[in-house]
Amino acid sequence: MKINYKFRNIKTALFVVSILTLSSCQKDIFEEPLISLSPGSAFETAERVEKASVGMYDQLQNAEYFGGRVLIYADVRGTDVNPSSFFNPLPQFTTVNSNSAYIGTAWQGAYRSIGEVNLFLKNLAASGNIVSGAKASQYTGEAKYIRSLCYFYLVNLYAQPYKFTASATHPGVPLVLTSSDAPFSDANQVSRASVADVYNQMEADLLDAETKLPVDYGDPTLLNVARATKGAAQALLARLYLYKGDYTKANTYADKIISSGKYGLNADPLTAFRTYTTKESIFSVAMNGGDNPNTNFALGQHYAPSKRGDITVSNDYVALMDQTKDLRFKNLIIQQAGSYWTTKYLGVTDWVPVSRYSEILLIKAEALANLATTVDATALGLVNQVRARSLADPVVAVTKADLITAILTERRIELAFEGQGEFDYLRTGRGIPAHSVVAAQAYGSNYVIFPIPFYDTQKNPNLAQNPGY
C-alpha cells in the first residue's frame, strides 16, 4: 500500500516546508519518489514524520468540509442568513434528500480527514523511536484534536442533538478510529454509534490531547493559532460540555482558557478576521491562495459580494444590533444593492475560524447562568464584556430566563457566520423559527438534521438512515 503524501507547499502559509534534501547529489533513478512513499519510508526519519503530521492539517482543509463549507452548512439552516439558492435545498429543510451532493461530499470530506488522522496514528505507532517521546506525544495530541473536531460537526449535522434523548442513546454517526489494511473488508461496514458514544469518544480524545499538546509552539505569529495547542483542546472541550448540558465542566474548561492569560479580546471585532493570529483566535484552519477551497469553495467566495456572493445577511440578524453604536454592525456588515453582507470573509485566503476567545466568555456566561437559581452577576458581566468591546450598550436581566435569552442573543450576534447558527437552536431544545420563505421547523423534526448519504447506505447495509428520508 502506498501513501500519497504530497508535500505541495503544504497548503498553508505557516507550514511551508522545503522538499526533502538528499544526502547525495547522485539520485538513484529507482529511488521511491516523495509523492508516493510507502508507510515505512514516510515514517523513517523525524523530518518526514513532521511533514506527515502537517499532512493532517492539509487534509483538514478539505474543500467540502473544514475548507469552510461545514460552517456554511450549519449557518444556512439558521436564521442569520437569507436562504441561499446556491446551497439549495439545504436551507429549505423539507426538500433535502439523501442524494444531495452537499450531503454526500460533506460526509466524505469528514471521513477523509478522519482517515488521514487514523492512518497517521497507525504509522506513528509502528515507527518505533524515530521521533522523541515528547514529539510523539505532541503529534498524537494534534491527531486526536483534529479527529474530535471533525466528529463534532459530523454528529451535530447528521444526528439529533445530545439532549434529544435522556441518555443520548439515539443514533449518531459511525466511529472509525483505526486505519484498516483491508479497506474493502466487511469488517469496515461500521454501524452508527449512539450520540453518547460519539461524545464520549470526542471527550476522551480531547482530554488526552489536552495533556499532550503544548501551550504554544514559540511562534505567536502563526503556529499558535493554526496548529492545535492545549488551549485549542480546552476550548473545544468547553463547547462540547456546553452542548451536553454539563454546565459545571463547561465552566471549568472556559476558566482554563481565561485564567491562562494567553487570550483576550481585540479592541475591534474586525481585527481577528483580518489578522488571524491575534490573542483572540484560539484555533483556526489556516489558508492561502493556493489551498483547496480556492475560487469555488472559500468562505470569502460565498460571503463576499465582490466575489461569488452566494450568502446575504438576514434583516432579522441586523435588527439584533444598534446600528449607530455596535461595531459588529458598523465594521462587520455592509449594505450593497439592497442587501446586507458580512465582511468577516473577503476572499480565498480567509482562515476558517474554529474557536475564538469571545465564544469562551459566552460559554462561561451560559454555564453560570444555567447553574444559578437567579441572575448570576458574573454571567451578566461576561455578556457585557463582549458587548463593551463592540461599544454596544450593556444588557440588563431581571430574571434567570432573561439572562439566558440575552446570552443566546449575544452568541447570535458575536458568532454569526462561524458555523453555529442552527446548532445553537437545536442544542438548547428550540426549533428553527420561520424566516423568509422557510417554514418553522419544530424541535425534533426529522428535517433539522441531514440524511445519511444514499450512496453510503447502499454500500453499507449496517448504516441506518435517519427517519423521514
# chains A, B, ... in the order shown; residues from 1 in each chain; ligands from 1
>>> residues_around(residues="Asn99 in chain A", least_positions_apart="6", cutoff="10 Å", atoms="only C-alpha atoms", output="PyMOL selection string")
chain A and resi 451-455
>>> residues_around(residues="Gln420 in chain A", least_positions_apart="6", cutoff="9 Å", atoms="only C-alpha atoms", output="list of chain:residue names")
A:Leu71, A:Ala74, A:Asp75, A:Gly78, A:Arg411, A:Arg412
>>> write_last_selection(atoms="N, CA, C and O atoms", output="CSV table (one decimal), in the first residue's frame")
chain,number,residue,atom,x,y,z
A,71,LEU,N,-19.0,25.1,8.0
A,71,LEU,CA,-19.5,26.2,8.7
A,71,LEU,C,-20.7,26.7,8.0
A,71,LEU,O,-21.8,27.1,8.7
A,74,ALA,N,-24.0,24.7,8.6
A,74,ALA,CA,-24.7,25.0,9.9
A,74,ALA,C,-25.4,26.3,9.9
A,74,ALA,O,-26.4,26.5,10.5
A,75,ASP,N,-24.8,27.3,9.1
A,75,ASP,CA,-25.4,28.6,9.2
A,75,ASP,C,-26.5,28.9,8.2
A,75,ASP,O,-27.4,29.7,8.5
A,78,GLY,N,-29.7,28.2,9.7
A,78,GLY,CA,-30.1,29.1,10.9
A,78,GLY,C,-30.9,30.3,10.4
A,78,GLY,O,-31.5,30.2,9.3
A,411,ARG,N,-24.7,35.4,21.6
A,411,ARG,CA,-24.0,34.4,20.7
A,411,ARG,C,-24.4,34.5,19.3
A,411,ARG,O,-23.5,34.4,18.4
A,412,ARG,N,-25.6,34.8,19.0
A,412,ARG,CA,-26.0,35.0,17.6
A,412,ARG,C,-25.3,36.2,17.0
A,412,ARG,O,-24.8,36.1,15.9
>>> closest_residue(among="A:Ser259, A:Thr211, A:Thr221, A:Gln59", to="Gln138 in chain A", atoms="only C-alpha atoms")
A:Thr211
>>> closest_residue(among="A:Ile103, A:Ile72, A:Ala159, A:Ala372", to="Leu426 in chain A", atoms="only C-alpha atoms")
A:Ala159
>>> residues_around(residues="Leu60 in chain A", least_positions_apart="3", cutoff="10 Å", atoms="only C-alpha atoms", output="list in words")
Val54, Gly55, Met56, Tyr57, Ala63, Glu64, Tyr65, Phe66, Gly67, Gly109, Ala110, Arg112, Ser113, Ile114, Glu116, Val117, Ile146, Arg147, Leu149, Cys150, Val285 and Ala286 of chain A
>>> write_last_selection(atoms="N, CA, C and O atoms", output="PDB file, in the first residue's frame")
ATOM      1  N   VAL A  54       1.978  17.438   9.456  1.00  0.00           N
ATOM      2  CA  VAL A  54       1.415  18.596   8.774  1.00  0.00           C
ATOM      3  C   VAL A  54       0.362  18.162   7.767  1.00  0.00           C
ATOM      4  O   VAL A  54      -0.620  18.865   7.521  1.00  0.00           O
ATOM      5  N   GLY A  55       0.554  16.970   7.195  1.00  0.00           N
ATOM      6  CA  GLY A  55      -0.425  16.444   6.246  1.00  0.00           C
ATOM      7  C   GLY A  55      -1.813  16.300   6.827  1.00  0.00           C
ATOM      8  O   GLY A  55      -2.807  16.371   6.100  1.00  0.00           O
ATOM      9  N   MET A  56      -1.923  16.119   8.152  1.00  0.00           N
ATOM     10  CA  MET A  56      -3.247  16.040   8.771  1.00  0.00           C
ATOM     11  C   MET A  56      -3.975  17.380   8.651  1.00  0.00           C
ATOM     12  O   MET A  56      -5.192  17.414   8.437  1.00  0.00           O
ATOM     13  N   TYR A  57      -3.253  18.474   8.801  1.00  0.00           N
ATOM     14  CA  TYR A  57      -3.859  19.797   8.643  1.00  0.00           C
ATOM     15  C   TYR A  57      -4.192  20.058   7.176  1.00  0.00           C
ATOM     16  O   TYR A  57      -5.194  20.704   6.866  1.00  0.00           O
ATOM     17  N   ALA A  63     -11.965  20.730   0.934  1.00  0.00           N
ATOM     18  CA  ALA A  63     -12.828  21.777   0.369  1.00  0.00           C
ATOM     19  C   ALA A  63     -14.292  21.592   0.740  1.00  0.00           C
ATOM     20  O   ALA A  63     -15.040  22.558   0.858  1.00  0.00           O
ATOM     21  N   GLU A  64     -14.725  20.357   0.930  1.00  0.00           N
ATOM     22  CA  GLU A  64     -16.128  20.085   1.239  1.00  0.00           C
ATOM     23  C   GLU A  64     -16.421  20.079   2.730  1.00  0.00           C
ATOM     24  O   GLU A  64     -17.552  19.872   3.138  1.00  0.00           O
ATOM     25  N   TYR A  65     -15.385  20.280   3.539  1.00  0.00           N
ATOM     26  CA  TYR A  65     -15.614  20.199   4.980  1.00  0.00           C
ATOM     27  C   TYR A  65     -14.977  21.396   5.682  1.00  0.00           C
ATOM     28  O   TYR A  65     -15.533  22.495   5.637  1.00  0.00           O
ATOM     29  N   PHE A  66     -13.794  21.242   6.292  1.00  0.00           N
ATOM     30  CA  PHE A  66     -13.242  22.367   7.022  1.00  0.00           C
ATOM     31  C   PHE A  66     -12.454  23.334   6.164  1.00  0.00           C
ATOM     32  O   PHE A  66     -11.771  24.221   6.688  1.00  0.00           O
ATOM     33  N   GLY A  67     -12.582  23.217   4.847  1.00  0.00           N
ATOM     34  CA  GLY A  67     -12.182  24.307   3.991  1.00  0.00           C
ATOM     35  C   GLY A  67     -13.125  25.492   4.150  1.00  0.00           C
ATOM     36  O   GLY A  67     -12.875  26.571   3.629  1.00  0.00           O
ATOM     37  N   GLY A 109     -15.912  14.171   2.987  1.00  0.00           N
ATOM     38  CA  GLY A 109     -14.814  15.041   3.386  1.00  0.00           C
ATOM     39  C   GLY A 109     -14.433  14.851   4.839  1.00  0.00           C
ATOM     40  O   GLY A 109     -13.245  14.829   5.195  1.00  0.00           O
ATOM     41  N   ALA A 110     -15.437  14.693   5.705  1.00  0.00           N
ATOM     42  CA  ALA A 110     -15.169  14.489   7.126  1.00  0.00           C
ATOM     43  C   ALA A 110     -14.422  13.186   7.350  1.00  0.00           C
ATOM     44  O   ALA A 110     -13.407  13.144   8.071  1.00  0.00           O
ATOM     45  N   ARG A 112     -12.703  11.499   5.232  1.00  0.00           N
ATOM     46  CA  ARG A 112     -11.382  11.537   4.623  1.00  0.00           C
ATOM     47  C   ARG A 112     -10.389  12.174   5.593  1.00  0.00           C
ATOM     48  O   ARG A 112      -9.259  11.705   5.752  1.00  0.00           O
ATOM     49  N   SER A 113     -10.811  13.254   6.253  1.00  0.00           N
ATOM     50  CA  SER A 113      -9.937  13.892   7.245  1.00  0.00           C
ATOM     51  C   SER A 113      -9.686  12.967   8.428  1.00  0.00           C
ATOM     52  O   SER A 113      -8.563  12.865   8.930  1.00  0.00           O
ATOM     53  N   ILE A 114     -10.741  12.285   8.887  1.00  0.00           N
ATOM     54  CA  ILE A 114     -10.601  11.335   9.989  1.00  0.00           C
ATOM     55  C   ILE A 114      -9.689  10.186   9.574  1.00  0.00           C
ATOM     56  O   ILE A 114      -8.844   9.718  10.356  1.00  0.00           O
ATOM     57  N   GLU A 116      -7.223  10.270   7.486  1.00  0.00           N
ATOM     58  CA  GLU A 116      -5.835  10.741   7.486  1.00  0.00           C
ATOM     59  C   GLU A 116      -5.259  10.684   8.893  1.00  0.00           C
ATOM     60  O   GLU A 116      -4.113  10.283   9.099  1.00  0.00           O
ATOM     61  N   VAL A 117      -6.062  11.084   9.879  1.00  0.00           N
ATOM     62  CA  VAL A 117      -5.624  11.031  11.273  1.00  0.00           C
ATOM     63  C   VAL A 117      -5.356   9.594  11.688  1.00  0.00           C
ATOM     64  O   VAL A 117      -4.313   9.284  12.292  1.00  0.00           O
ATOM     65  N   ILE A 146      -7.784  16.994  15.953  1.00  0.00           N
ATOM     66  CA  ILE A 146      -8.372  17.089  14.611  1.00  0.00           C
ATOM     67  C   ILE A 146      -9.512  16.089  14.453  1.00  0.00           C
ATOM     68  O   ILE A 146     -10.570  16.422  13.909  1.00  0.00           O
ATOM     69  N   ARG A 147      -9.321  14.883  14.930  1.00  0.00           N
ATOM     70  CA  ARG A 147     -10.380  13.871  14.819  1.00  0.00           C
ATOM     71  C   ARG A 147     -11.627  14.303  15.588  1.00  0.00           C
ATOM     72  O   ARG A 147     -12.757  14.167  15.090  1.00  0.00           O
ATOM     73  N   LEU A 149     -12.565  17.366  16.322  1.00  0.00           N
ATOM     74  CA  LEU A 149     -13.181  18.498  15.632  1.00  0.00           C
ATOM     75  C   LEU A 149     -14.038  18.023  14.473  1.00  0.00           C
ATOM     76  O   LEU A 149     -15.167  18.512  14.273  1.00  0.00           O
ATOM     77  N   CYS A 150     -13.537  17.078  13.710  1.00  0.00           N
ATOM     78  CA  CYS A 150     -14.316  16.535  12.584  1.00  0.00           C
ATOM     79  C   CYS A 150     -15.575  15.839  13.078  1.00  0.00           C
ATOM     80  O   CYS A 150     -16.659  16.014  12.499  1.00  0.00           O
ATOM     81  N   VAL A 285      -8.401  27.113  10.964  1.00  0.00           N
ATOM     82  CA  VAL A 285      -7.816  26.337   9.876  1.00  0.00           C
ATOM     83  C   VAL A 285      -7.190  27.338   8.910  1.00  0.00           C
ATOM     84  O   VAL A 285      -7.889  28.146   8.308  1.00  0.00           O
ATOM     85  N   ALA A 286      -5.871  27.278   8.799  1.00  0.00           N
ATOM     86  CA  ALA A 286      -5.145  28.272   8.010  1.00  0.00           C
ATOM     87  C   ALA A 286      -5.295  28.008   6.518  1.00  0.00           C
ATOM     88  O   ALA A 286      -5.415  26.869   6.078  1.00  0.00           O
TER      89      ALA A 286
END
